[in-house]
$ cat query-v4.cif   # mmCIF, C-alpha atoms
data_my_file
loop_
_atom_site.label_atom_id
_atom_site.label_comp_id
_atom_site.auth_asym_id
_atom_site.auth_seq_id
_atom_site.Cartn_x
_atom_site.Cartn_y
_atom_site.Cartn_z
CA MET A 181 -40.56 27.60 -21.78
CA LYS A 182 -38.67 29.83 -24.19
CA LEU A 183 -35.90 30.20 -21.58
CA LYS A 184 -35.22 26.49 -21.38
CA PRO A 185 -32.88 26.30 -24.43
CA LEU A 186 -30.91 29.26 -23.03
CA TYR A 187 -30.67 27.54 -19.65
CA ILE A 188 -29.47 24.31 -21.24
CA ARG A 189 -26.94 26.21 -23.31
CA PHE A 190 -25.71 28.06 -20.23
CA MET A 191 -25.33 24.83 -18.24
CA PHE A 192 -23.50 23.20 -21.15
CA LEU A 193 -21.06 26.11 -21.39
CA LEU A 194 -20.57 26.13 -17.61
CA THR A 195 -19.88 22.40 -17.56
CA PHE A 196 -17.48 22.76 -20.47
CA PHE A 197 -15.70 25.60 -18.67
CA VAL A 198 -15.35 23.62 -15.40
CA MET A 199 -14.07 20.59 -17.29
CA GLY A 200 -11.59 22.79 -19.09
CA VAL A 201 -10.32 24.25 -15.82
CA SER A 202 -9.98 20.75 -14.31
CA ILE A 203 -8.10 19.46 -17.35
CA ALA A 204 -5.82 22.49 -17.39
CA TRP A 205 -5.16 22.07 -13.65
CA ALA A 206 -4.36 18.38 -14.10
CA GLN A 207 -1.82 19.23 -16.79
CA THR A 208 -0.08 21.85 -14.65
CA SER A 209 3.40 20.93 -13.44
CA SER A 210 3.98 23.83 -11.04
CA TYR A 211 1.65 25.13 -8.33
CA LYS A 212 2.36 28.31 -6.35
CA PHE A 213 0.32 29.45 -3.35
CA SER A 214 0.70 32.64 -1.35
CA PHE A 215 -0.82 33.18 2.09
CA ASN A 216 -0.06 36.91 1.91
CA ARG A 217 -3.38 38.72 1.61
CA GLN A 218 -1.81 42.12 0.98
CA GLN A 219 0.49 41.46 -1.94
CA LYS A 220 -0.15 39.21 -4.93
CA ALA A 221 3.13 37.87 -6.23
CA ALA A 222 3.33 37.11 -9.94
CA GLY A 223 2.38 33.53 -10.72
CA TYR A 224 1.05 32.82 -7.22
CA THR A 225 -2.51 31.95 -6.24
CA GLN A 226 -3.61 33.75 -3.09
CA VAL A 227 -5.23 31.41 -0.59
CA ALA A 228 -7.33 32.44 2.39
CA ALA A 229 -6.62 30.64 5.66
CA ASP A 230 -10.04 28.98 5.64
CA TYR A 231 -10.23 27.99 1.96
CA LYS A 232 -11.55 24.43 1.87
CA PHE A 233 -10.18 21.83 -0.54
CA ASP A 234 -12.33 22.13 -3.64
CA GLY A 235 -11.02 19.25 -5.72
CA THR A 236 -8.00 21.24 -6.89
CA TYR A 237 -6.40 22.77 -3.76
CA GLY A 238 -7.20 23.97 -0.26
CA PHE A 239 -7.20 23.14 3.43
CA ASP A 240 -8.36 19.57 3.94
CA PHE A 241 -10.09 17.24 6.43
CA GLU A 242 -12.03 20.02 8.19
CA THR A 243 -8.86 21.83 9.25
CA SER A 244 -7.85 25.43 8.69
CA ALA A 245 -5.17 27.90 9.71
CA GLN A 246 -5.11 31.39 11.18
CA ALA A 247 -4.10 34.37 9.06
CA ILE A 248 -1.62 36.76 10.66
CA ASN A 249 -0.69 40.26 9.51
CA GLY A 250 3.05 40.46 8.98
CA LYS A 251 5.01 43.28 10.61
CA ASP A 252 7.33 45.72 8.82
CA LYS A 253 5.98 44.75 5.39
CA LYS A 254 7.54 41.30 5.68
CA GLY A 255 4.34 39.65 4.47
CA ASP A 256 1.33 37.95 5.92
CA TYR A 257 1.49 34.30 6.87
CA ILE A 258 -0.60 31.50 8.32
CA THR A 259 -0.14 29.62 11.56
CA SER A 260 -1.99 27.37 13.99
CA ASN A 261 -1.45 25.65 17.31
CA GLN A 262 -3.35 22.65 15.93
CA PRO A 263 -2.25 20.40 13.04
CA PHE A 264 -3.73 21.30 9.67
CA TYR A 265 -3.72 19.77 6.20
CA PHE A 266 -3.29 21.36 2.77
CA SER A 267 -3.96 19.28 -0.33
CA VAL A 268 -3.32 19.84 -4.03
CA ALA A 269 -4.64 17.61 -6.81
CA VAL A 270 -1.64 16.45 -8.85
CA PRO A 271 -0.75 13.67 -11.31
CA GLU A 272 1.50 10.78 -10.31
CA GLY A 273 5.18 11.60 -9.96
CA ASN A 274 7.85 13.20 -7.79
CA TYR A 275 7.30 16.74 -6.52
CA LYS A 276 9.64 19.31 -5.06
CA VAL A 277 7.85 21.12 -2.26
CA THR A 278 9.27 24.50 -1.26
CA LEU A 279 8.08 26.45 1.76
CA ILE A 280 8.83 30.02 2.80
CA LEU A 281 8.66 30.01 6.59
CA GLY A 282 8.73 32.87 9.08
CA GLY A 283 6.54 35.32 10.94
CA ASN A 284 6.27 37.94 13.63
CA ASP A 285 7.07 35.48 16.39
CA ALA A 286 9.36 32.48 16.64
CA SER A 287 8.01 29.46 14.79
CA LEU A 288 8.62 25.72 14.81
CA THR A 289 7.53 23.57 11.90
CA THR A 290 7.28 19.83 11.35
CA VAL A 291 5.87 18.63 8.05
CA LYS A 292 4.47 15.22 7.15
CA ALA A 293 3.23 14.22 3.70
CA GLU A 294 0.60 11.78 2.49
CA SER A 295 0.19 9.01 5.10
CA ARG A 296 2.30 10.51 7.90
CA ARG A 297 5.65 10.49 6.06
CA LEU A 298 8.10 12.64 8.00
CA MET A 299 9.57 15.26 5.63
CA LEU A 300 10.79 18.11 7.83
CA GLU A 301 11.45 18.07 11.55
CA ASN A 302 11.62 20.96 14.01
CA ILE A 303 12.49 23.75 11.56
CA ALA A 304 12.81 26.87 13.72
CA THR A 305 12.69 30.54 12.76
CA LYS A 306 13.39 33.53 14.97
CA PRO A 307 10.97 36.50 15.11
CA GLY A 308 11.10 38.27 11.75
CA GLU A 309 13.35 35.63 10.18
CA ASN A 310 12.53 33.93 6.88
CA LYS A 311 13.67 30.45 5.85
CA THR A 312 13.17 28.68 2.54
CA VAL A 313 13.17 24.89 2.77
CA SER A 314 12.54 22.15 0.21
CA PHE A 315 11.88 18.42 0.17
CA ILE A 316 10.70 15.78 -2.31
CA VAL A 317 7.36 13.96 -2.10
CA ASN A 318 6.44 10.94 -4.22
CA VAL A 319 2.82 10.70 -5.36
CA ARG A 320 1.49 7.43 -6.75
CA LYS A 321 -1.75 5.93 -8.01
CA PRO A 322 -2.92 2.32 -8.35
CA GLN A 323 -3.04 2.34 -12.17
CA ILE A 324 -0.31 0.49 -14.06
CA GLY A 325 -0.30 1.77 -17.61
CA ASP A 326 -3.68 1.63 -19.34
CA SER A 327 -4.84 -1.88 -18.58
CA SER A 328 -3.87 -2.91 -15.06
CA ARG A 329 -3.78 -1.72 -11.47
CA VAL A 330 -2.47 -2.67 -8.05
CA SER A 331 -4.83 -4.92 -6.08
CA LEU A 332 -5.31 -2.78 -2.99
CA LYS A 333 -6.44 -4.17 0.33
CA PRO A 334 -9.72 -2.79 1.73
CA ARG A 335 -7.74 -0.85 4.36
CA GLU A 336 -5.88 0.96 1.57
CA ASN A 337 -9.01 2.37 -0.05
CA GLY A 338 -9.03 6.04 0.78
CA LYS A 339 -5.44 5.97 2.02
CA LEU A 340 -3.61 9.21 1.25
CA ASP A 341 -0.78 7.27 -0.40
CA TRP A 342 -3.10 6.10 -3.19
CA ASP A 343 -5.45 9.05 -3.78
CA ASP A 344 -5.49 11.80 -6.43
CA LYS A 345 -3.80 14.54 -4.44
CA LEU A 346 -0.65 15.50 -2.58
CA THR A 347 -1.46 16.17 1.07
CA LEU A 348 0.79 18.04 3.49
CA GLU A 349 0.31 18.04 7.26
CA PHE A 350 1.71 21.00 9.20
CA ASP A 351 2.44 20.53 12.91
CA GLN A 352 3.71 22.38 15.98
CA ILE A 353 3.57 26.20 15.59
CA PRO A 354 4.36 26.83 11.92
CA ALA A 355 4.51 30.18 10.14
CA ILE A 356 4.00 29.72 6.40
CA LYS A 357 4.14 32.53 3.90
CA ALA A 358 4.19 30.64 0.63
CA LEU A 359 4.09 27.13 -0.79
CA GLN A 360 5.32 25.91 -4.15
CA ILE A 361 4.84 22.40 -5.55
CA GLU A 362 6.78 21.57 -8.71
CA LYS A 363 6.86 18.30 -10.61
CA VAL A 364 10.44 17.10 -11.04
CA ASN A 365 11.69 14.31 -13.26
CA ASN A 366 15.38 14.35 -12.34
CA GLN A 367 15.20 12.74 -8.90
CA ILE A 368 16.69 9.41 -7.88
CA THR A 369 13.77 7.37 -6.60
CA VAL A 370 14.27 4.93 -3.75
CA PHE A 371 11.45 2.39 -3.94
CA LEU A 372 10.63 0.41 -0.80
CA ALA A 373 9.14 -3.09 -0.89
CA GLY A 374 8.17 -4.65 2.40
CA ASN A 375 5.54 -5.30 5.05
CA SER A 376 4.15 -3.42 8.07
CA THR A 377 7.61 -2.77 9.52
CA VAL A 378 8.27 -0.63 6.42
CA VAL A 379 4.83 0.70 5.34
CA ASP A 380 3.52 4.24 5.74
CA GLN A 381 1.33 3.49 8.76
CA ASP A 382 -1.92 5.49 8.76
CA ASP A 383 -2.84 5.37 12.39
CA GLU A 384 -1.36 6.58 15.65
CA PRO A 385 0.48 5.18 17.53
CA TRP A 386 1.87 2.84 14.83
CA ALA A 387 4.78 3.83 12.61
CA ALA A 388 7.45 2.17 10.44
CA TRP A 389 10.93 3.05 9.26
CA GLY A 390 9.83 3.60 5.66
CA GLN A 391 7.77 6.65 6.59
CA MET A 392 10.56 8.16 8.68
CA ILE A 393 13.45 7.81 6.24
CA PRO A 394 12.40 10.62 3.82
CA ARG A 395 13.41 13.09 6.53
CA PHE A 396 17.05 11.99 6.13
CA PHE A 397 17.36 12.70 2.39
CA LYS A 398 18.12 16.00 0.69
CA PRO A 399 16.32 17.06 -2.49
CA GLY A 400 17.66 14.86 -5.25
CA VAL A 401 16.07 11.73 -3.79
CA ALA A 402 12.42 10.73 -3.61
CA VAL A 403 11.24 7.86 -1.42
CA ALA A 404 8.41 5.81 -2.94
CA ASN A 405 7.15 3.50 -0.21
CA HIS A 406 5.18 0.63 -1.80
CA ALA A 407 5.29 -1.58 1.31
CA GLU A 408 2.01 -2.83 2.75
CA SER A 409 1.01 -4.65 5.92
CA GLY A 410 0.72 -8.42 5.85
CA LEU A 411 2.65 -8.97 2.63
CA THR A 412 5.20 -11.58 1.64
CA LEU A 413 7.48 -11.52 -1.36
CA GLY A 414 4.86 -13.65 -3.11
CA SER A 415 1.82 -11.52 -2.25
CA PHE A 416 3.73 -8.34 -3.11
CA MET A 417 4.13 -9.80 -6.59
CA GLY A 418 0.63 -11.31 -6.70
CA SER A 419 -1.02 -7.97 -5.94
CA LYS A 420 0.95 -6.43 -8.83
CA ARG A 421 2.97 -4.14 -6.58
CA LEU A 422 6.24 -5.31 -8.08
CA ASP A 423 4.76 -4.71 -11.54
CA LYS A 424 3.82 -1.20 -10.42
CA VAL A 425 7.35 -0.52 -9.18
CA MET A 426 8.86 -1.92 -12.38
CA SER A 427 6.58 0.33 -14.46
CA LEU A 428 8.10 3.38 -12.77
CA ILE A 429 11.67 2.47 -11.85
CA LYS A 430 14.42 3.82 -14.08
CA PRO A 431 18.20 3.36 -14.41
CA GLY A 432 19.95 4.68 -11.31
CA ASP A 433 16.95 4.23 -9.03
CA TYR A 434 16.96 1.83 -6.06
CA LEU A 435 14.72 -0.91 -4.71
CA PHE A 436 15.11 -1.68 -0.99
CA ILE A 437 13.63 -5.11 -0.21
CA GLU A 438 12.67 -6.19 3.34
CA PHE A 439 10.49 -9.27 3.87
CA GLY A 440 10.46 -12.26 6.21
CA HIS A 441 7.89 -11.82 8.98
CA ASN A 442 4.97 -13.05 6.90
CA ASP A 443 6.99 -15.30 4.56
CA GLN A 444 7.84 -17.23 7.71
CA LYS A 445 4.14 -18.10 8.13
CA GLU A 446 3.85 -19.77 4.70
CA LYS A 447 3.87 -23.54 5.14
CA GLY A 448 3.45 -24.97 1.62
CA PRO A 449 5.69 -27.79 0.33
CA ASN A 450 7.82 -25.32 -1.65
CA ASP A 451 7.90 -22.64 1.02
CA GLY A 452 10.76 -21.90 3.35
CA ALA A 453 13.73 -19.60 3.79
CA TYR A 454 15.90 -21.50 1.33
CA LYS A 455 13.10 -22.35 -1.11
CA SER A 456 10.37 -19.92 -2.25
CA TYR A 457 11.74 -17.03 -0.18
CA THR A 458 15.19 -17.31 -1.75
CA GLU A 459 13.78 -17.82 -5.26
CA ARG A 460 11.44 -14.83 -5.01
CA LEU A 461 14.11 -12.60 -3.54
CA LYS A 462 16.30 -13.40 -6.53
CA THR A 463 13.36 -12.54 -8.81
CA PHE A 464 13.08 -9.08 -7.21
CA ILE A 465 16.81 -8.58 -7.71
CA SER A 466 16.88 -9.72 -11.34
CA ARG A 467 13.85 -7.66 -12.37
CA THR A 468 15.36 -4.57 -10.74
CA ARG A 469 18.65 -5.08 -12.55
CA GLN A 470 16.86 -5.59 -15.86
CA LYS A 471 15.61 -2.02 -15.47
CA GLY A 472 19.11 -0.70 -14.82
CA ALA A 473 18.22 0.00 -11.20
CA ILE A 474 20.01 -1.04 -8.01
CA PRO A 475 18.58 -3.64 -5.60
CA VAL A 476 19.38 -3.51 -1.89
CA VAL A 477 18.53 -6.39 0.46
CA VAL A 478 17.42 -5.38 3.96
CA THR A 479 17.13 -8.16 6.55
CA SER A 480 13.92 -8.32 8.60
CA THR A 481 13.59 -6.32 11.78
CA ALA A 482 13.89 -8.46 14.90
CA ARG A 483 10.82 -8.90 17.08
CA ARG A 484 10.90 -7.78 20.69
CA SER A 485 11.66 -11.08 22.41
CA PHE A 486 14.19 -11.61 25.21
CA ASP A 487 15.68 -14.67 26.89
CA ALA A 488 16.14 -15.18 30.62
CA ASN A 489 19.39 -13.19 30.49
CA GLY A 490 17.73 -10.16 28.88
CA LYS A 491 19.22 -10.76 25.43
CA THR A 492 17.21 -10.55 22.21
CA VAL A 493 16.39 -13.93 20.68
CA ASN A 494 15.85 -14.69 17.00
CA THR A 495 12.18 -15.44 16.25
CA LEU A 496 12.54 -15.32 12.46
CA GLY A 497 14.22 -18.68 11.90
CA ASP A 498 16.46 -18.91 8.86
CA TYR A 499 14.99 -15.94 7.02
CA PRO A 500 17.59 -13.31 7.99
CA ALA A 501 20.40 -15.78 7.18
CA ALA A 502 18.76 -16.62 3.84
CA ALA A 503 18.57 -12.92 2.93
CA ARG A 504 22.25 -12.48 3.79
CA LYS A 505 23.13 -15.51 1.66
CA VAL A 506 21.18 -14.22 -1.36
CA ALA A 507 22.79 -10.77 -1.08
CA LYS A 508 26.26 -12.34 -1.02
CA GLU A 509 25.60 -14.71 -3.91
CA GLU A 510 24.01 -12.01 -6.05
CA GLY A 511 26.57 -9.32 -5.22
CA VAL A 512 23.90 -7.04 -3.77
CA THR A 513 24.36 -4.44 -1.04
CA LEU A 514 23.08 -5.75 2.28
CA ILE A 515 21.72 -3.64 5.12
CA ASP A 516 21.56 -6.03 8.05
CA LEU A 517 18.67 -4.43 9.90
CA ASN A 518 18.04 -7.68 11.77
CA ALA A 519 21.48 -7.49 13.36
CA MET A 520 21.16 -3.76 14.05
CA THR A 521 17.74 -4.07 15.69
CA THR A 522 19.01 -6.94 17.82
CA THR A 523 21.79 -4.66 19.08
CA LEU A 524 19.29 -1.82 19.53
CA TYR A 525 16.90 -3.88 21.67
CA ASP A 526 19.75 -5.20 23.80
CA ALA A 527 20.87 -1.62 24.37
CA TRP A 528 17.36 -0.56 25.34
CA GLY A 529 16.82 -3.49 27.69
CA VAL A 530 13.72 -5.55 28.42
CA GLU A 531 11.41 -2.93 29.94
CA PRO A 532 12.81 0.25 28.34
CA SER A 533 12.46 -1.37 24.88
CA LYS A 534 8.67 -1.08 25.23
CA LYS A 535 9.09 2.66 24.64
CA GLY A 536 10.01 1.89 21.02
CA PHE A 537 7.04 -0.40 20.39
CA VAL A 538 3.26 -0.09 20.50
CA HIS A 539 2.98 -0.69 24.25
CA TYR A 540 0.44 1.60 25.93
CA PRO A 541 -1.96 1.29 28.85
CA ALA A 542 -5.68 1.38 28.12
CA ASN A 543 -7.13 4.82 27.37
CA THR A 544 -3.82 6.34 26.30
CA PHE A 545 -5.47 7.27 23.00
CA PRO A 546 -9.10 8.14 22.19
CA GLY A 547 -11.13 4.98 21.65
CA GLN A 548 -8.42 2.70 23.03
CA THR A 549 -10.25 0.68 25.65
CA LYS A 550 -7.72 -2.13 25.94
CA PRO A 551 -3.94 -2.12 26.56
CA LEU A 552 -1.73 -2.27 23.48
CA GLU A 553 1.07 -4.83 23.72
CA ASP A 554 2.61 -5.21 20.26
CA ASN A 555 6.13 -6.64 20.11
CA THR A 556 6.50 -6.47 16.32
CA HIS A 557 5.35 -2.98 15.40
CA TYR A 558 6.87 0.34 16.33
CA ASN A 559 5.66 3.66 17.59
CA PRO A 560 7.08 6.82 15.97
CA TYR A 561 10.13 6.91 18.26
CA GLY A 562 11.01 3.28 17.52
CA ALA A 563 10.45 3.74 13.79
CA TYR A 564 12.67 6.83 13.83
CA GLU A 565 15.48 4.87 15.49
CA LEU A 566 15.11 2.10 12.87
CA ALA A 567 15.26 4.65 10.07
CA LYS A 568 18.54 5.85 11.56
CA CYS A 569 19.77 2.25 11.45
CA VAL A 570 18.95 2.06 7.74
CA VAL A 571 20.61 5.43 7.15
CA GLN A 572 23.72 4.16 8.92
CA GLY A 573 23.62 1.08 6.69
CA ILE A 574 23.55 3.34 3.63
CA LYS A 575 26.45 5.38 5.00
CA ALA A 576 28.53 2.23 5.55
CA SER A 577 27.85 0.98 2.01
CA ASN A 578 29.36 1.84 -1.35
CA LEU A 579 26.04 3.14 -2.62
CA LYS A 580 26.25 6.50 -4.38
CA LEU A 581 22.93 7.22 -2.71
CA LYS A 582 24.72 8.17 0.50
CA LYS A 583 25.83 11.53 -0.87
CA TYR A 584 22.17 12.64 -0.72
CA LEU A 585 21.82 12.04 3.01
CA VAL A 586 21.43 15.08 5.24
CA ASP A 587 24.34 15.95 7.49
CA MET A 588 23.90 14.18 10.80
CA PRO A 589 26.08 12.44 13.39
CA GLY A 590 26.74 8.75 12.91
CA PHE A 591 24.23 6.49 14.62
CA GLU A 592 25.20 3.51 16.74
CA PRO A 593 22.39 1.05 17.57
CA LYS A 594 24.15 0.25 20.83
CA LYS A 595 23.72 3.93 21.80
CA PRO A 596 20.10 4.77 20.92
CA ASP A 597 18.64 8.24 21.34
CA ALA A 598 16.70 8.91 24.53
CA PRO A 599 12.93 8.55 23.97
CA ASP A 600 12.28 11.88 25.69
CA ALA A 601 14.48 13.65 23.14
CA PHE A 602 12.14 12.68 20.30
CA ASN A 603 9.12 14.87 19.55
CA TRP A 604 6.32 13.54 17.34
CA PRO A 605 3.17 15.66 16.96
CA LEU A 606 0.22 13.28 16.74
CA SER A 607 -1.58 13.23 13.39
CA PRO A 608 -5.32 13.83 13.81
CA LYS A 609 -6.78 12.43 10.58
CA ASN A 610 -6.77 8.73 11.45
CA SER A 611 -7.23 8.36 15.17
CA SER A 612 -8.85 4.94 15.33
CA ILE A 613 -6.97 2.41 17.44
CA LYS A 614 -6.67 -0.90 15.67
CA PRO A 615 -4.08 -3.67 15.53
CA ASP A 616 -2.16 -4.00 12.30
CA GLY A 617 -0.86 -7.13 10.56
CA ASN A 618 2.77 -7.70 9.70
#
$ encode --input "query-v4.cif" --output "structure tokens"
Amino acid sequence: MKLKPLYIRFMFLLTFFVMGVSIAWAQTSSYKFSFNRQQKAAGYTQVAADYKFDGTYGFDFETSAQAINGKDKKGDYITSNQPFYFSVAVPEGNYKVTLILGGNDASLTTVKAESRRLMLENIATKPGENKTVSFIVNVRKPQIGDSSRVSLKPRENGKLDWDDKLTLEFDQIPAIKALQIEKVNNQITVFLAGNSTVVDQDDEPWAAWGQMIPRFFKPGVAVANHAESGLTLGSFMGSKRLDKVMSLIKPGDYLFIEFGHNDQKEKGPNDGAYKSYTERLKTFISRTRQKGAIPVVVTSTARRSFDANGKTVNTLGDYPAAARKVAKEEGVTLIDLNAMTTTLYDAWGVEPSKKGFVHYPANTFPGQTKPLEDNTHYNPYGAYELAKCVVQGIKASNLKLKKYLVDMPGFEPKKPDAPDAFNWPLSPKNSSIKPDGN
């Protein structure tokens, strides 16, 4: 019994120490991890290849890597022929992620962040070669100030885009020597507002252009994708997502706005392309300008629908035309994605266009017992082609944002990339097959 006070005191001190470590970690703005077991670089935390996420950092979702001894004193590294995740608990904000890549053998690295956002694609190193690469990841949380929060849908609970950590997914055959994550406050942030054609889709084989477009920006720009499936301009506002964006947006940032698929379904007396849709679109524009930021109107992606002559038909009524009209009246940059996707589908053709959408025979994916025949939503290849359309729209604009685009050939929707030329490693975390709303 005499030991009990000592035990209580010990537990109190231990709890106090753990809390102190957690608070100190949460206040850190730079995180450095080395996968070299032989040499401890100053300021780096050495991480074993099987170190599980412990609430602060580590390999996540029951994945791990393989530790390899580096040759010629070039340093140890980690690799795997299976995708693996590494997570770090961080506050909300923009983060510059820097990787040192390279190993004994040739490597090939693709990196996704959070909910399958494409950040790096097919980065190759030769045997013994080192490469240092960087990209920007936006991390967000539902809280808006001290008294409000975004009204998340049930499907968003537990989504990597809204949790308390930054998660990186490493694919193909990577060779990673070191990882640095640094909070940066000097980035231009491109906020995205839209529906399921824009959202960071969780599950294979769905994808959207908003989760592909980060790959086309250099450091200097962060993409903050606030789109969500099933939303209209009105429900985006009603769920406080616009309030969330406005709480973060700053002068010189951008808000890309793409709605129409679900707005079209609203049938109230004040609804319609030239009524509530137009009024709300102008509200998005005015609120963005009040913050000193730059609105960009993006017309809705066309659905996959062809006439008897094999030409794409408009299934969105007056909504694309209304968006064009608002952009012209308000003096806002317009990216006419509706027109570009119409050209893209015509170039693909009736049957080949299925390769850009979620069209798969039964049993293509685990748990998929029925065929998938979705003419609105894209697979990764289709989403990648749409992201290129948006990038081309940025290039053709007067937006200063275009100077932050990576060097790449111009993209013509009438000359799409061959599907077989696109490589997308499947993400293992969310493998359930389920239809998704607009």
$ atom_distance --input "query-v4.cif" --atom1 "CA of Thr556 in chain A" --atom2 "CA of Asp341 in chain A"
22.8 Å
$ resolve_selection --input "query-v4.cif" --expression "the PyMOL selection byres ((chain A and resi 369) around 9)" --output "list in words"
Asn274, Asn318, Gln367, Ile368, Val370, Phe371, Gly400, Val401, Ala402, Val403, Ala404, Ile429, Lys430, Gly432, Asp433, Tyr434 and Leu435 of chain A
$ closest_residue --input "query-v4.cif" --among "A:Thr412, A:Asn559, A:Asn543, A:Thr492" --to "Asp383 in chain A" --atoms "all atoms listed in the file"
A:Asn559
$ residues_around --input "query-v4.cif" --residues "Gly590 in chain A" --least-positions-apart "6" --cutoff "9 Å" --atoms "only C-alpha atoms" --output "ChimeraX atom specification"
/A:568,572,575
$ resolve_selection --input "query-v4.cif" --expression "the PyMOL selection byres ((chain A and resi 349) around 9)" --output "ChimeraX atom specification"
/A:263-267,290-294,296,347-348,350-351,607
$ atom_distance --input "query-v4.cif" --atom1 "CA of Leu411 in chain A" --atom2 "CA of Pro334 in chain A"
13.9 Å
$ closest_residue --input "query-v4.cif" --among "A:Glu408, A:Glu565, A:Glu362, A:Asp230" --to "Tyr525 in chain A" --atoms "all atoms listed in the file"
A:Glu565
$ closest_residue --input "query-v4.cif" --among "A:Lys550, A:Lys462, A:Arg421, A:His441" --to "Ser376 in chain A" --atoms "all atoms listed in the file"
A:His441
$ closest_residue --input "query-v4.cif" --among "A:Lys357, A:Lys595, A:Lys534, A:Lys491" --to "Phe213 in chain A" --atoms "all atoms listed in the file"
A:Lys357
$ resolve_selection --input "query-v4.cif" --expression "the PyMOL selection byres ((chain A and resi 244) around 12)" --output "PyMOL selection string"
chain A and resi 227-233+238-243+245-247+258-267+349-350
$ closest_residue --input "query-v4.cif" --among "A:Ile437, A:Val313, A:Ile574, A:Ala355" --to "Thr479 in chain A" --atoms "only C-alpha atoms"
A:Ile437
$ atom_distance --input "query-v4.cif" --atom1 "CA of Gly440 in chain A" --atom2 "CA of Thr468 in chain A"
19.2 Å
$ closest_residue --input "query-v4.cif" --among "A:Tyr257, A:Thr458, A:Leu585, A:Asp234" --to "Gln218 in chain A" --atoms "all atoms listed in the file"
A:Tyr257
